[in-house]
Structure formats: C-alpha cells, structure tokens
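Structure file start.cif (mmCIF, C-alpha atoms) follows.
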data_coords
#
loop_
_atom_site.label_atom_id
_atom_site.label_comp_id
_atom_site.auth_asym_id
_atom_site.auth_seq_id
_atom_site.Cartn_x
_atom_site.Cartn_y
_atom_site.Cartn_z
CA MET W 1 -6.64 -77.53 45.90
CA LEU W 2 -7.80 -79.49 48.94
CA SER W 3 -9.99 -77.98 51.59
CA SER W 4 -8.22 -76.90 54.75
CA SER W 5 -7.82 -79.87 57.07
CA PRO W 6 -5.33 -81.54 59.37
CA ALA W 7 -2.25 -82.96 57.68
CA PRO W 8 -3.29 -86.05 55.68
CA HIS W 9 -2.38 -89.48 56.99
CA HIS W 10 -0.64 -91.77 54.53
CA ARG W 11 -2.18 -95.12 53.69
CA GLY W 12 -1.38 -97.55 56.44
CA ALA W 13 -1.18 -94.94 59.21
CA ALA W 14 -3.00 -95.82 62.41
CA ARG W 15 -6.73 -95.19 62.32
CA ARG W 16 -9.58 -96.21 64.51
CA ALA W 17 -11.27 -99.44 63.50
CA GLY W 18 -13.63 -98.91 60.57
CA ALA W 19 -12.42 -95.38 59.81
CA ARG W 20 -12.18 -94.35 56.18
CA ARG W 21 -10.36 -91.62 54.33
CA VAL W 22 -12.99 -89.98 52.13
CA LEU W 23 -12.31 -87.72 49.15
CA VAL W 24 -15.36 -85.70 48.03
CA LEU W 25 -15.07 -84.60 44.40
CA SER W 26 -17.02 -81.35 43.89
CA ALA W 27 -17.11 -78.46 41.41
CA SER W 28 -17.30 -74.69 41.81
CA MET W 29 -20.24 -74.40 39.40
CA GLY W 30 -22.45 -72.23 41.56
CA ALA W 31 -22.50 -72.91 45.29
CA GLY W 32 -24.70 -76.01 45.57
CA HIS W 33 -22.13 -78.72 44.87
CA ASP W 34 -19.56 -77.16 47.19
CA THR W 35 -22.17 -76.71 49.93
CA VAL W 36 -22.99 -80.42 49.77
CA ALA W 37 -19.30 -81.34 49.69
CA ARG W 38 -18.54 -79.31 52.82
CA GLU W 39 -21.42 -80.91 54.69
CA LEU W 40 -20.27 -84.41 53.69
CA VAL W 41 -16.76 -83.61 54.93
CA ARG W 42 -18.19 -82.29 58.21
CA ARG W 43 -20.23 -85.46 58.67
CA ALA W 44 -17.28 -87.67 57.84
CA ARG W 45 -15.09 -86.04 60.46
CA ALA W 46 -17.90 -86.07 63.02
CA GLN W 47 -18.26 -89.82 62.44
CA GLY W 48 -14.53 -90.42 63.01
CA HIS W 49 -13.35 -90.58 59.41
CA GLU W 50 -10.78 -88.44 57.62
CA ALA W 51 -12.08 -86.34 54.75
CA ASP W 52 -11.20 -83.67 52.23
CA THR W 53 -12.94 -82.09 49.26
CA VAL W 54 -11.40 -81.13 45.93
CA ASP W 55 -12.73 -78.89 43.15
CA LEU W 56 -12.77 -80.73 39.81
CA MET W 57 -12.46 -77.36 38.04
CA ARG W 58 -8.99 -76.99 39.59
CA LEU W 59 -7.95 -80.46 38.47
CA LEU W 60 -8.71 -79.64 34.83
CA PRO W 61 -5.50 -78.36 33.15
CA TYR W 62 -4.76 -75.35 30.94
CA GLY W 63 -7.48 -73.17 32.47
CA THR W 64 -10.18 -75.51 31.16
CA GLY W 65 -12.07 -75.46 34.45
CA SER W 66 -12.16 -71.67 34.68
CA GLY W 67 -13.28 -71.43 31.06
CA LEU W 68 -16.03 -73.99 31.56
CA ARG W 69 -17.29 -72.21 34.68
CA ALA W 70 -17.29 -68.82 32.94
CA PHE W 71 -19.14 -70.22 29.92
CA TYR W 72 -21.82 -71.85 32.06
CA ARG W 73 -22.29 -68.76 34.25
CA THR W 74 -22.60 -66.49 31.21
CA SER W 75 -25.03 -68.87 29.52
CA VAL W 76 -27.45 -69.22 32.41
CA ARG W 77 -27.34 -65.49 33.13
CA HIS W 78 -27.51 -64.04 29.63
CA ALA W 79 -28.23 -66.76 27.04
CA PRO W 80 -30.25 -69.53 28.71
CA TRP W 81 -31.31 -70.90 25.31
CA VAL W 82 -27.64 -71.85 24.71
CA TYR W 83 -27.49 -73.96 27.85
CA ASP W 84 -30.89 -75.46 27.10
CA GLY W 85 -29.59 -76.62 23.70
CA LEU W 86 -26.48 -78.15 25.27
CA TYR W 87 -28.61 -79.87 27.90
CA ARG W 88 -30.84 -81.43 25.26
CA ALA W 89 -27.84 -82.59 23.23
CA PHE W 90 -25.56 -83.86 25.98
CA LEU W 91 -27.48 -84.46 29.19
CA ARG W 92 -31.15 -85.30 28.79
CA PRO W 93 -31.83 -89.04 28.37
CA GLY W 94 -33.18 -90.02 24.98
CA ASP W 95 -33.67 -92.86 22.53
CA HIS W 96 -30.44 -92.16 20.67
CA THR W 97 -26.81 -92.27 21.72
CA ARG W 98 -25.74 -89.00 23.31
CA PRO W 99 -22.18 -87.64 23.60
CA SER W 100 -20.36 -88.67 26.75
CA GLY W 101 -18.70 -86.33 29.24
CA VAL W 102 -15.68 -88.63 29.48
CA PRO W 103 -13.41 -86.80 26.96
CA LEU W 104 -13.61 -83.57 28.97
CA ALA W 105 -13.52 -85.23 32.37
CA ARG W 106 -10.51 -87.39 31.53
CA LEU W 107 -8.36 -84.24 31.31
CA ALA W 108 -8.41 -84.32 35.11
CA ALA W 109 -7.50 -88.01 35.32
CA ASP W 110 -3.81 -87.65 36.15
CA GLY W 111 -4.52 -85.02 38.78
CA LEU W 112 -7.13 -87.16 40.51
CA GLU W 113 -4.88 -90.22 40.48
CA ARG W 114 -2.07 -88.27 42.11
CA LEU W 115 -4.45 -86.82 44.67
CA VAL W 116 -5.89 -90.20 45.63
CA ALA W 117 -2.37 -91.59 46.04
CA ARG W 118 -1.14 -88.61 48.06
CA THR W 119 -4.09 -88.53 50.47
CA GLY W 120 -4.44 -92.29 50.79
CA ALA W 121 -8.16 -92.00 50.03
CA ASP W 122 -10.02 -95.28 50.13
CA LEU W 123 -13.40 -93.87 49.01
CA VAL W 124 -14.22 -91.19 46.42
CA VAL W 125 -17.65 -89.51 46.46
CA PRO W 126 -18.41 -87.41 43.34
CA VAL W 127 -21.13 -84.78 43.84
CA PHE W 128 -20.91 -83.29 40.33
CA HIS W 129 -21.82 -85.00 37.08
CA LEU W 130 -18.49 -84.55 35.27
CA ALA W 131 -16.74 -85.82 38.38
CA ALA W 132 -18.90 -88.95 38.14
CA GLN W 133 -17.87 -89.36 34.50
CA LEU W 134 -14.21 -89.12 35.55
CA THR W 135 -14.38 -91.63 38.40
CA GLY W 136 -16.43 -94.08 36.33
CA HIS W 137 -13.91 -93.85 33.50
CA LEU W 138 -10.94 -94.42 35.81
CA ARG W 139 -12.67 -97.29 37.63
CA THR W 140 -13.34 -98.98 34.29
CA LEU W 141 -9.66 -98.71 33.32
CA GLY W 142 -8.48 -99.91 36.71
CA ARG W 143 -6.66 -96.63 37.34
CA LEU W 144 -8.89 -95.77 40.32
CA ARG W 145 -8.55 -98.70 42.68
CA VAL W 146 -10.90 -97.49 45.41
CA PRO W 147 -14.70 -97.39 45.25
CA SER W 148 -16.53 -94.39 43.80
CA VAL W 149 -20.02 -93.81 45.20
CA VAL W 150 -21.81 -91.02 43.32
CA PHE W 151 -24.19 -88.73 45.17
CA VAL W 152 -26.69 -87.58 42.52
CA LEU W 153 -27.94 -84.14 43.60
CA ASP W 154 -30.76 -83.71 41.06
CA PHE W 155 -34.43 -84.65 41.39
CA ALA W 156 -34.45 -85.31 37.61
CA VAL W 157 -31.36 -87.39 36.82
CA HIS W 158 -29.63 -86.50 33.56
CA ARG W 159 -27.36 -88.95 31.80
CA GLN W 160 -24.04 -87.25 32.55
CA TRP W 161 -24.44 -88.34 36.18
CA LEU W 162 -24.32 -91.94 34.99
CA HIS W 163 -21.29 -94.03 34.08
CA PRO W 164 -21.33 -97.82 34.44
CA GLY W 165 -17.84 -97.81 35.95
CA ASN W 166 -19.00 -96.21 39.18
CA ASP W 167 -19.77 -98.58 42.01
CA ALA W 168 -23.04 -97.09 43.26
CA CYS W 169 -25.35 -94.08 43.08
CA LEU W 170 -27.09 -92.49 46.05
CA CYS W 171 -30.20 -90.58 44.97
CA LEU W 172 -32.70 -88.04 46.27
CA THR W 173 -35.84 -90.08 45.57
CA ASP W 174 -37.00 -93.56 44.64
CA GLN W 175 -37.93 -92.22 41.21
CA ALA W 176 -34.40 -90.92 40.69
CA ALA W 177 -32.97 -94.29 41.72
CA ASP W 178 -35.30 -95.98 39.23
CA ASP W 179 -34.05 -93.60 36.52
CA VAL W 180 -30.46 -94.61 37.29
CA ARG W 181 -31.23 -98.31 37.03
CA ARG W 182 -33.21 -97.83 33.82
CA VAL W 183 -30.57 -95.77 32.01
CA VAL W 184 -27.59 -97.87 33.19
CA PRO W 185 -28.95 -101.37 33.91
CA GLY W 186 -27.11 -103.20 36.65
CA THR W 187 -26.02 -100.04 38.48
CA TYR W 188 -26.61 -100.20 42.23
CA ALA W 189 -28.83 -97.25 43.19
CA GLU W 190 -30.20 -96.39 46.61
CA THR W 191 -32.45 -93.63 47.93
CA THR W 192 -31.04 -91.45 50.69
CA GLY W 193 -32.59 -88.04 50.13
CA PRO W 194 -30.70 -84.73 50.05
CA VAL W 195 -27.86 -83.43 52.20
CA VAL W 196 -28.25 -80.23 54.22
CA ALA W 197 -26.56 -78.95 57.36
CA PRO W 198 -28.42 -79.77 60.61
CA GLU W 199 -29.07 -76.08 61.33
CA PHE W 200 -31.81 -76.02 58.68
CA SER W 201 -34.03 -78.51 60.48
CA ALA W 202 -33.39 -77.09 63.97
CA PRO W 203 -34.96 -74.01 65.58
CA ALA W 204 -33.29 -70.84 64.29
CA PRO W 205 -33.09 -68.08 66.93
CA ALA W 206 -31.71 -65.67 64.32
CA ALA W 207 -35.03 -65.88 62.47
CA ASP W 208 -36.41 -63.28 64.89
CA ASP W 209 -33.85 -60.74 63.66
CA TRP W 210 -34.94 -61.37 60.07
CA ARG W 211 -38.62 -60.99 61.01
CA LYS W 212 -37.94 -57.67 62.72
CA ARG W 213 -36.05 -56.48 59.64
CA PHE W 214 -38.96 -57.43 57.37
CA GLU W 215 -41.49 -55.74 59.63
CA ARG W 216 -39.45 -52.52 59.70
CA TYR W 217 -39.08 -52.57 55.93
CA ALA W 218 -42.68 -53.45 55.00
CA PRO W 219 -45.04 -53.61 57.98
CA GLY W 220 -47.79 -56.19 57.71
CA ARG W 221 -46.59 -57.79 54.47
CA SER W 222 -45.83 -61.50 54.14
CA PRO W 223 -42.15 -62.02 53.24
CA VAL W 224 -41.68 -64.35 50.26
CA LEU W 225 -38.17 -65.39 49.26
CA LEU W 226 -37.16 -65.36 45.57
CA SER W 227 -33.99 -67.29 44.82
CA ALA W 228 -31.62 -66.52 41.96
CA GLY W 229 -28.85 -68.87 43.15
CA SER W 230 -25.29 -67.94 44.01
CA TRP W 231 -24.72 -66.51 40.53
CA GLY W 232 -27.89 -64.43 40.50
CA ALA W 233 -29.29 -66.22 37.46
CA ALA W 234 -33.04 -65.93 37.12
CA ALA W 235 -35.46 -65.09 34.32
CA GLY W 236 -37.89 -62.25 34.94
CA ILE W 237 -37.13 -61.93 38.65
CA GLY W 238 -37.88 -58.21 38.56
CA GLU W 239 -41.27 -58.87 36.99
CA THR W 240 -42.02 -61.52 39.64
CA ALA W 241 -40.97 -59.17 42.43
CA ARG W 242 -43.24 -56.40 41.10
CA LEU W 243 -46.12 -58.88 40.84
CA LEU W 244 -45.70 -60.00 44.47
CA ALA W 245 -45.28 -56.47 45.80
CA GLY W 246 -48.41 -55.38 43.95
CA ALA W 247 -50.34 -58.24 45.58
CA GLY W 248 -49.34 -57.18 49.11
CA HIS W 249 -46.36 -59.49 49.71
CA LEU W 250 -42.80 -58.48 50.52
CA PRO W 251 -40.52 -59.97 47.84
CA VAL W 252 -37.14 -60.79 49.41
CA VAL W 253 -34.72 -61.47 46.56
CA LEU W 254 -31.57 -63.58 46.96
CA CYS W 255 -29.22 -62.02 44.43
CA GLY W 256 -26.20 -64.17 45.29
CA ARG W 257 -22.97 -62.58 44.13
CA ASN W 258 -24.58 -60.75 41.20
CA GLN W 259 -24.20 -57.11 42.23
CA ALA W 260 -25.77 -55.86 39.01
CA LEU W 261 -28.91 -57.84 39.78
CA ARG W 262 -28.95 -56.54 43.34
CA SER W 263 -28.64 -52.94 42.16
CA ARG W 264 -31.53 -53.37 39.70
CA THR W 265 -33.73 -55.19 42.19
CA ALA W 266 -33.08 -52.71 45.00
CA ARG W 267 -34.71 -50.00 42.87
CA LEU W 268 -38.01 -51.88 42.69
CA PRO W 269 -40.64 -50.41 45.06
CA GLY W 270 -41.55 -52.65 47.98
CA THR W 271 -38.75 -55.15 47.28
CA LEU W 272 -35.89 -56.14 49.60
CA ALA W 273 -32.77 -57.13 47.63
CA LEU W 274 -30.15 -59.22 49.44
CA ASP W 275 -26.62 -60.00 48.36
CA TRP W 276 -24.69 -62.99 49.73
CA VAL W 277 -26.46 -64.37 52.82
CA THR W 278 -24.45 -66.23 55.46
CA ASP W 279 -27.44 -67.05 57.69
CA MET W 280 -29.64 -69.10 55.37
CA PRO W 281 -31.22 -71.18 58.20
CA GLY W 282 -32.47 -68.04 59.95
CA LEU W 283 -33.73 -66.51 56.70
CA LEU W 284 -35.61 -69.65 55.64
CA HIS W 285 -37.28 -69.91 59.04
CA ALA W 286 -38.37 -66.24 58.85
CA VAL W 287 -40.07 -66.09 55.42
CA ARG W 288 -43.44 -67.63 54.53
CA ALA W 289 -42.56 -69.33 51.21
CA LEU W 290 -39.75 -69.83 48.69
CA VAL W 291 -40.24 -69.12 44.99
CA ASP W 292 -37.63 -71.37 43.41
CA ASN W 293 -36.27 -71.75 39.89
CA ALA W 294 -33.80 -74.63 40.09
CA ALA W 295 -34.86 -77.43 42.48
CA GLY W 296 -31.35 -77.21 43.87
CA GLN W 297 -29.77 -76.77 47.26
CA THR W 298 -31.86 -73.78 48.34
CA ALA W 299 -35.04 -75.77 47.63
CA VAL W 300 -33.98 -78.77 49.74
CA GLN W 301 -32.79 -76.48 52.52
CA ALA W 302 -36.29 -74.99 52.49
CA LEU W 303 -37.81 -78.48 52.79
CA ALA W 304 -35.62 -79.18 55.81
CA ALA W 305 -36.77 -75.91 57.38
CA GLY W 306 -40.44 -76.78 56.77
CA LEU W 307 -40.86 -73.93 54.28
CA PRO W 308 -43.28 -74.19 51.32
CA VAL W 309 -41.57 -74.27 47.91
CA VAL W 310 -43.18 -72.99 44.72
CA GLY W 311 -41.50 -73.60 41.36
CA HIS W 312 -41.80 -70.63 38.98
CA ARG W 313 -39.88 -69.48 35.88
CA PRO W 314 -37.35 -72.33 36.14
CA LEU W 315 -33.88 -72.14 34.68
CA PRO W 316 -33.55 -74.04 31.41
CA GLY W 317 -32.27 -77.59 31.17
CA HIS W 318 -31.90 -79.53 34.38
CA GLY W 319 -33.48 -76.67 36.37
CA ALA W 320 -36.77 -76.97 34.51
CA ASP W 321 -36.75 -80.76 34.68
CA GLY W 322 -35.94 -80.70 38.39
CA VAL W 323 -38.64 -78.17 39.24
CA ARG W 324 -41.17 -80.23 37.31
CA ARG W 325 -40.17 -83.50 38.98
CA MET W 326 -40.12 -81.97 42.44
CA ALA W 327 -43.69 -80.76 41.99
CA GLU W 328 -44.84 -84.08 40.52
CA LEU W 329 -43.60 -85.84 43.64
CA GLY W 330 -45.49 -83.47 45.93
CA PHE W 331 -42.47 -81.79 47.50
CA SER W 332 -43.35 -78.42 45.98
CA GLU W 333 -46.02 -76.72 43.93
CA ALA W 334 -45.66 -75.46 40.38
CA ALA W 335 -46.87 -72.08 39.14
CA ASP W 336 -46.69 -71.75 35.37
CA ASP W 337 -47.85 -68.13 35.30
CA GLY W 338 -48.24 -65.09 37.51
CA THR W 339 -51.90 -65.63 38.29
CA THR W 340 -51.25 -69.19 39.47
CA LEU W 341 -48.27 -68.02 41.53
CA LEU W 342 -50.38 -65.48 43.40
CA ASP W 343 -53.15 -68.03 43.99
CA VAL W 344 -50.67 -70.57 45.39
CA LEU W 345 -48.92 -68.03 47.62
CA ASP W 346 -52.21 -66.65 48.96
CA ARG W 347 -53.16 -70.16 50.02
CA LEU W 348 -49.77 -71.01 51.49
CA VAL W 349 -49.30 -67.88 53.57
CA THR W 350 -52.80 -68.12 55.05
CA GLU W 351 -52.86 -71.86 55.80
CA GLY W 352 -53.45 -72.85 59.41
CA PRO W 353 -50.84 -74.39 61.72
CA ALA W 354 -52.13 -77.96 61.28
CA GLU W 355 -52.06 -77.85 57.49
CA ARG W 356 -48.69 -76.10 57.53
CA GLU W 357 -47.25 -78.86 59.70
CA ARG W 358 -48.70 -81.59 57.47
CA ARG W 359 -47.15 -79.96 54.41
CA ALA W 360 -43.82 -79.47 56.19
CA ALA W 361 -43.81 -83.15 57.19
CA ARG W 362 -44.29 -84.15 53.53
CA GLY W 363 -41.27 -82.08 52.60
CA ARG W 364 -39.09 -83.44 55.39
CA ALA W 365 -39.98 -86.99 54.35
CA VAL W 366 -37.54 -86.65 51.44
CA PHE W 367 -34.67 -86.95 53.95
CA ARG W 368 -34.28 -90.70 54.27
CA ALA W 369 -30.71 -91.62 55.28
CA ASP W 370 -27.28 -90.16 55.96
CA VAL W 371 -25.48 -90.07 52.59
CA LEU W 372 -22.02 -90.21 54.16
CA GLU W 373 -22.92 -93.18 56.36
CA ARG W 374 -24.34 -95.06 53.38
CA ALA W 375 -21.33 -94.30 51.16
CA VAL W 376 -18.93 -95.55 53.83
CA ALA W 377 -21.06 -98.64 54.47
CA LEU W 378 -21.00 -99.49 50.76
CA ALA W 379 -17.26 -98.89 50.38
CA GLY W 380 -16.12 -102.06 52.14
CA PRO W 381 -18.06 -104.60 50.05
CA LEU W 382 -17.29 -102.64 46.88
CA ALA W 383 -13.52 -102.46 47.39
CA GLY W 384 -11.70 -104.39 44.70
CA ARG W 385 -14.69 -104.53 42.37
CA SER W 386 -13.79 -104.47 38.69
CA ALA W 387 -16.16 -102.31 36.67
CA VAL W 388 -17.28 -103.38 33.23
CA PRO W 389 -18.31 -100.61 30.81
CA SER W 390 -21.60 -100.76 29.01
CA PRO W 391 -21.53 -100.47 25.20
CA GLY W 392 -21.27 -96.90 23.95
CA GLN W 393 -20.21 -95.43 27.28
CA GLU W 394 -16.53 -94.94 26.50
#
Representation of the structure as structure tokens:
Amino acid sequence: MLSSSPAPHHRGAARRAGARRVLVLSASMGAGHDTVARELVRRARAQGHEADTVDLMRLLPYGTGSGLRAFYRTSVRHAPWVYDGLYRAFLRPGDHTRPSGVPLARLAADGLERLVARTGADLVVPVFHLAAQLTGHLRTLGRLRVPSVVFVLDFAVHRQWLHPGNDACLCLTDQAADDVRRVVPGTYAETTGPVVAPEFSAPAPAADDWRKRFERYAPGRSPVLLSAGSWGAAAGIGETARLLAGAGHLPVVLCGRNQALRSRTARLPGTLALDWVTDMPGLLHAVRALVDNAAGQTAVQALAAGLPVVGHRPLPGHGADGVRRMAELGFSEAADDGTTLLDVLDRLVTEGPAERERRAARGRAVFRADVLERAVALAGPLAGRSAVPSPGQE
C-alpha cells in the first residue's frame, strides 16, 4: 500500500530538528497524480523529512477503487460524453448545490486513520480531489489530527478539490487560488505553480538520441509530440496525426499503455507511435512542440522543458476546462480546428531563438515555489487547528 521506503519511524522517534513525516495521498487514476506524489516524496527526503505515498484507490474497500478506476478509464477512452455529464453534475462549480464527494471518499476513512497512526505522519498532502474530500471530512470531525494541505493539480479548479475542513490549498496559478477562495470563502490558498522532476528543466543529453531517431525515421520533418496520456485516451488522434504528416511534420504519438491505440497509430503513414516512454525529459527536449489534450502533467513538464504547448481536441470535463484556462493565461495556445492547429505549429516550429526563449520564459514563470517546502512550512502553524464545515458541505 505504501511506496517502498525505509522502515517508518514511530511518532516520538528521534528526528532532526524541524523534520516532518509527510504522507502524500495520491490515486492511480492515470499517471499524473502518482508522478506528482513520487516527486513530492523525493523532495521531502532530499530536504531531510520522512515521506511515503499511498494510493487512495487501495484504501477504498470492497474493490471500490478498482471499479472506479476501470469506469473512469473506459469512459474517457470510449464514452467521453458520460464523463462530461458526470463532470457537469458533480465537479464543475455552479449556482446550485452540487453533490459532494464525501460519501464515496469516507469509505477510505478507517484505512487512512490507521495509516496515519501507524506511520506517525504529522502532515498529509492530498494530490487527488477525492483524497482532498476525505481529509477535509476527517479534519472536520476531528478524526484527522494533523494538518492536510491540498495540492490542487488543475489549472481550472473544480469543486471536488475543495472541502472547508482542509487547512490550506496550494495552487498552480493566482487565478486558481482566487477560485478556491471564491468557492470556499475563508480557505487559505497560495500559488506555488506545478511540480515536475528537476530533469525536465535541465539539459537533456538523451535528447540527441531522440533527434537521431526522428531524423532516421522522417528526414527533414519537424517532430511534433501528440499526447494521449498514460491510458491512451484521445479523441481523433489518428486524424490529427494524418493532418500533421500531410503538412510535412512528423507526428510522434504518445500512446501510453494503450496497445490497441499504438497498433492503429503505427499503421498511419509518416507517423511514429510510441508506447510507454521512460525518458520523457529527453523526448520533450527533442521535439518542437506538444499538442496536448488535458492540461495535465505532460503539459507542465513541457513548460519546464521550454517546449511550446498547443491545446487541441481536449478531453471532456476538466481536460477541456484546463486546456482553455491554460491558453487564457498565456501558457499555451489553443487550436479549435485543424487549420488553426497547422497555422500555430508552422509559426512555432519556425520561430527564431530569441522569440523561442521569450516564450519558454513565459512558460517557466508558472513555477513559483517548492510545493513540499510550502506545505511543510504551513504545517507547524496549522497543527491543532479545528476545521469548521461550511453549510452544505457535509
């Protein structure tokens, strides 16, 4: 259930002054949440703290977590209109009361309480929206006695991230922090920017190997990365790949773990279909642009690498809202149709070094502070706080 780590120290065991024991509460719903959780654990240990991550899906009893994951994966791959309807009903903010995620999340309450007690955690950091519902609920009831600082991963914050019982929210942008304070007045919200591993913003020697591979495969063509996420969920990715290949680009398609998608895409002329990639920093430093559909972890990794991001054919629900917000804030460009996509890519792949560096600097400006450092800094003053629920949240 926990990530592999040294044997946990019990509460009261000797630690260096100021050290914390951090429990990151993630979810295996795609790879983005777990990628962030692993990086937070790495940072915590590098900064002298003790840390573990746990998958909320494994805390849910009776196979509920596996069922929820399978339903979501099937919906976004094969019936996106189903997820879009659920998003509008449960997640998107609105003028009317929306259902809360607490009833589902509370199924994991006993498991999280036992885990916090066993590990001696003195700070919980949810990086998934149902996890935030769970910690807020337990904080309100007094059953979670240590601070919960939520790291909100989305550019467009939906309401299931927000529970008044949580102690604080760390957000990607000032606009996201404003959304938190507006939807749940009185909630402490702070802007930190995203979390990515340091390799994405550093020089990537392995990028040369990728460039040589692209040149062997399609000499003289500009490689453009198309992301379908870890589950290979993307609308019309074959059509987009054909469009780019016909315009003289080399579409490089990230198919994740969807072998059926990879098999279909590999048959498209002039298209390079990839399965699971372990060297994302090298790949992002080797291509000329990312065509993104989710405004998720791949998009912020691209920003860290200085790579242009173009939102096109977004996933329904929070994917579409995130892609739209990311473009509105100037961190990416939006292409609503194929003609616009080609126009944007033609400009991006031919821009000069000075303009490319100015655009890359705008993207890197989203990274404002170390999320782990800020969560730990907030934990001390927040310890012992009693949360008070807002009306209609329970």
Could you tell me which residues the PyMOL selection byres ((chain W and resi 211) around 10) returns for this structure, as a ChimeraX atom specification? /W:206-210,212-217,222-223,282-283,285-287
Target residues per the PyMOL selection byres ((chain W and resi 340-354) around 8), formatted as a list of chain:residue names: W:Ser222, W:Leu244, W:Ala247, W:Arg288, W:Ala289, W:Pro308, W:Val310, W:His312, W:Glu333, W:Ala334, W:Ala335, W:Asp336, W:Asp337, W:Gly338, W:Thr339, W:Glu355, W:Arg356, W:Glu357, W:Arg358
Quick one, how far is atom CA of W:Gly32 from atom CA of W:Ala375? 19.4 Å
Care to translate the PyMOL selection byres ((chain W and resi 281) around 12) into actual residues of this file, as number ranges by chain? W: 196-208, 210, 277-280, 282-287, 298, 300-307
Output C-alpha atoms of each residue in that selection to a file, as a CSV table (one decimal), in the coordinates of the input.
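In the end it all went to selection.csv:
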chain,number,residue,atom,x,y,z
W,196,VAL,CA,-28.2,-80.2,54.2
W,197,ALA,CA,-26.6,-79.0,57.4
W,198,PRO,CA,-28.4,-79.8,60.6
W,199,GLU,CA,-29.1,-76.1,61.3
W,200,PHE,CA,-31.8,-76.0,58.7
W,201,SER,CA,-34.0,-78.5,60.5
W,202,ALA,CA,-33.4,-77.1,64.0
W,203,PRO,CA,-35.0,-74.0,65.6
W,204,ALA,CA,-33.3,-70.8,64.3
W,205,PRO,CA,-33.1,-68.1,66.9
W,206,ALA,CA,-31.7,-65.7,64.3
W,207,ALA,CA,-35.0,-65.9,62.5
W,208,ASP,CA,-36.4,-63.3,64.9
W,210,TRP,CA,-34.9,-61.4,60.1
W,277,VAL,CA,-26.5,-64.4,52.8
W,278,THR,CA,-24.4,-66.2,55.5
W,279,ASP,CA,-27.4,-67.0,57.7
W,280,MET,CA,-29.6,-69.1,55.4
W,282,GLY,CA,-32.5,-68.0,60.0
W,283,LEU,CA,-33.7,-66.5,56.7
W,284,LEU,CA,-35.6,-69.6,55.6
W,285,HIS,CA,-37.3,-69.9,59.0
W,286,ALA,CA,-38.4,-66.2,58.8
W,287,VAL,CA,-40.1,-66.1,55.4
W,298,THR,CA,-31.9,-73.8,48.3
W,300,VAL,CA,-34.0,-78.8,49.7
W,301,GLN,CA,-32.8,-76.5,52.5
W,302,ALA,CA,-36.3,-75.0,52.5
W,303,LEU,CA,-37.8,-78.5,52.8
W,304,ALA,CA,-35.6,-79.2,55.8
W,305,ALA,CA,-36.8,-75.9,57.4
W,306,GLY,CA,-40.4,-76.8,56.8
W,307,LEU,CA,-40.9,-73.9,54.3
Residue among W:Cys255, W:Ala379, W:Ala365, W:Leu226 lying closest to W:Arg145, counting only C-alpha atoms: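 Selected residue with least distance to W:Arg145: W:Ala379.
Nearest residue to W:Gln133 among W:Val149, W:Leu162, W:Val22, W:Ala189 is W:Leu162, counting all atoms listed in the file.
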Would you compute an axis-aligned box for stretch 246-250 of chain W, covering every atom listed for it in the file with 4 Å of margin on each side, and report centre and edge lengths in Å to one decimal as JSON?
{"center_x": -46.6, "center_y": -57.4, "center_z": 47.2, "size_x": 15.5, "size_y": 12.1, "size_z": 14.6}
Restricting the calculation to all atoms listed in the file, which member of W:Val366, W:Leu372, W:Val116, W:Val180 is positioned closest to W:His163?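 Closest residue, counting all atoms listed in the file: W:Val180.
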Could you list, as an mmCIF file with C-alpha atoms, keeping the file's coordinate frame, every residue within 10 Å of W:Gln175, counting all atoms listed in the file and ignoring same-chain residues fewer than 5 positions away?
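Generated output (part-v4.cif):
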data_model
loop_
_atom_site.group_PDB
_atom_site.id
_atom_site.type_symbol
_atom_site.label_atom_id
_atom_site.label_comp_id
_atom_site.auth_asym_id
_atom_site.auth_seq_id
_atom_site.Cartn_x
_atom_site.Cartn_y
_atom_site.Cartn_z
ATOM 1 C CA PHE W 155 -34.430 -84.650 41.390
ATOM 2 C CA ALA W 156 -34.450 -85.310 37.610
ATOM 3 C CA VAL W 157 -31.360 -87.390 36.820
ATOM 4 C CA VAL W 180 -30.460 -94.610 37.290
ATOM 5 C CA ARG W 181 -31.230 -98.310 37.030
ATOM 6 C CA THR W 191 -32.450 -93.630 47.930
ATOM 7 C CA ARG W 325 -40.170 -83.500 38.980
ATOM 8 C CA LEU W 329 -43.600 -85.840 43.640
#
May I ask which of the residues W:Asp174, W:Asp321, W:Asp52, W:Asp275 is the closest one to W:Phe367, counting only C-alpha atoms? W:Asp174
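Atom CA of W:Glu113 is positioned 21.5 Å from atom CA of W:Ala44.
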If I only have part of stretch 203-215 of chain W, can you fill in N, CA and C atoms and write it as a compact mmCIF listing (two decimals), keeping the file's coordinate frame?
# COMPACT_ATOMS: atom_id res chain seq x y z
N PRO W 203 -34.48 -75.38 65.34
CA PRO W 203 -34.96 -74.01 65.58
C PRO W 203 -33.86 -72.99 65.26
N ALA W 204 -34.25 -71.86 64.72
CA ALA W 204 -33.29 -70.84 64.29
C ALA W 204 -33.56 -69.55 65.04
N PRO W 205 -32.86 -69.31 66.15
CA PRO W 205 -33.09 -68.08 66.93
C PRO W 205 -32.90 -66.82 66.11
N ALA W 206 -31.97 -66.86 65.12
CA ALA W 206 -31.71 -65.67 64.32
C ALA W 206 -32.89 -65.30 63.42
N ALA W 207 -33.85 -66.20 63.29
CA ALA W 207 -35.03 -65.88 62.47
C ALA W 207 -35.76 -64.66 63.01
N ASP W 208 -35.74 -64.44 64.32
CA ASP W 208 -36.41 -63.28 64.89
C ASP W 208 -35.81 -61.98 64.37
N ASP W 209 -34.49 -61.95 64.19
CA ASP W 209 -33.85 -60.74 63.66
C ASP W 209 -34.32 -60.46 62.23
N TRP W 210 -34.44 -61.54 61.43
CA TRP W 210 -34.94 -61.37 60.07
C TRP W 210 -36.37 -60.85 60.09
N ARG W 211 -37.22 -61.42 60.96
CA ARG W 211 -38.62 -60.99 61.01
C ARG W 211 -38.74 -59.52 61.38
N LYS W 212 -37.91 -59.08 62.33
CA LYS W 212 -37.94 -57.67 62.72
C LYS W 212 -37.50 -56.79 61.55
N ARG W 213 -36.51 -57.25 60.81
CA ARG W 213 -36.05 -56.48 59.64
C ARG W 213 -37.16 -56.36 58.61
N PHE W 214 -37.87 -57.46 58.34
CA PHE W 214 -38.96 -57.43 57.37
C PHE W 214 -40.07 -56.49 57.82
N GLU W 215 -40.40 -56.56 59.11
CA GLU W 215 -41.49 -55.74 59.63
C GLU W 215 -41.13 -54.25 59.55
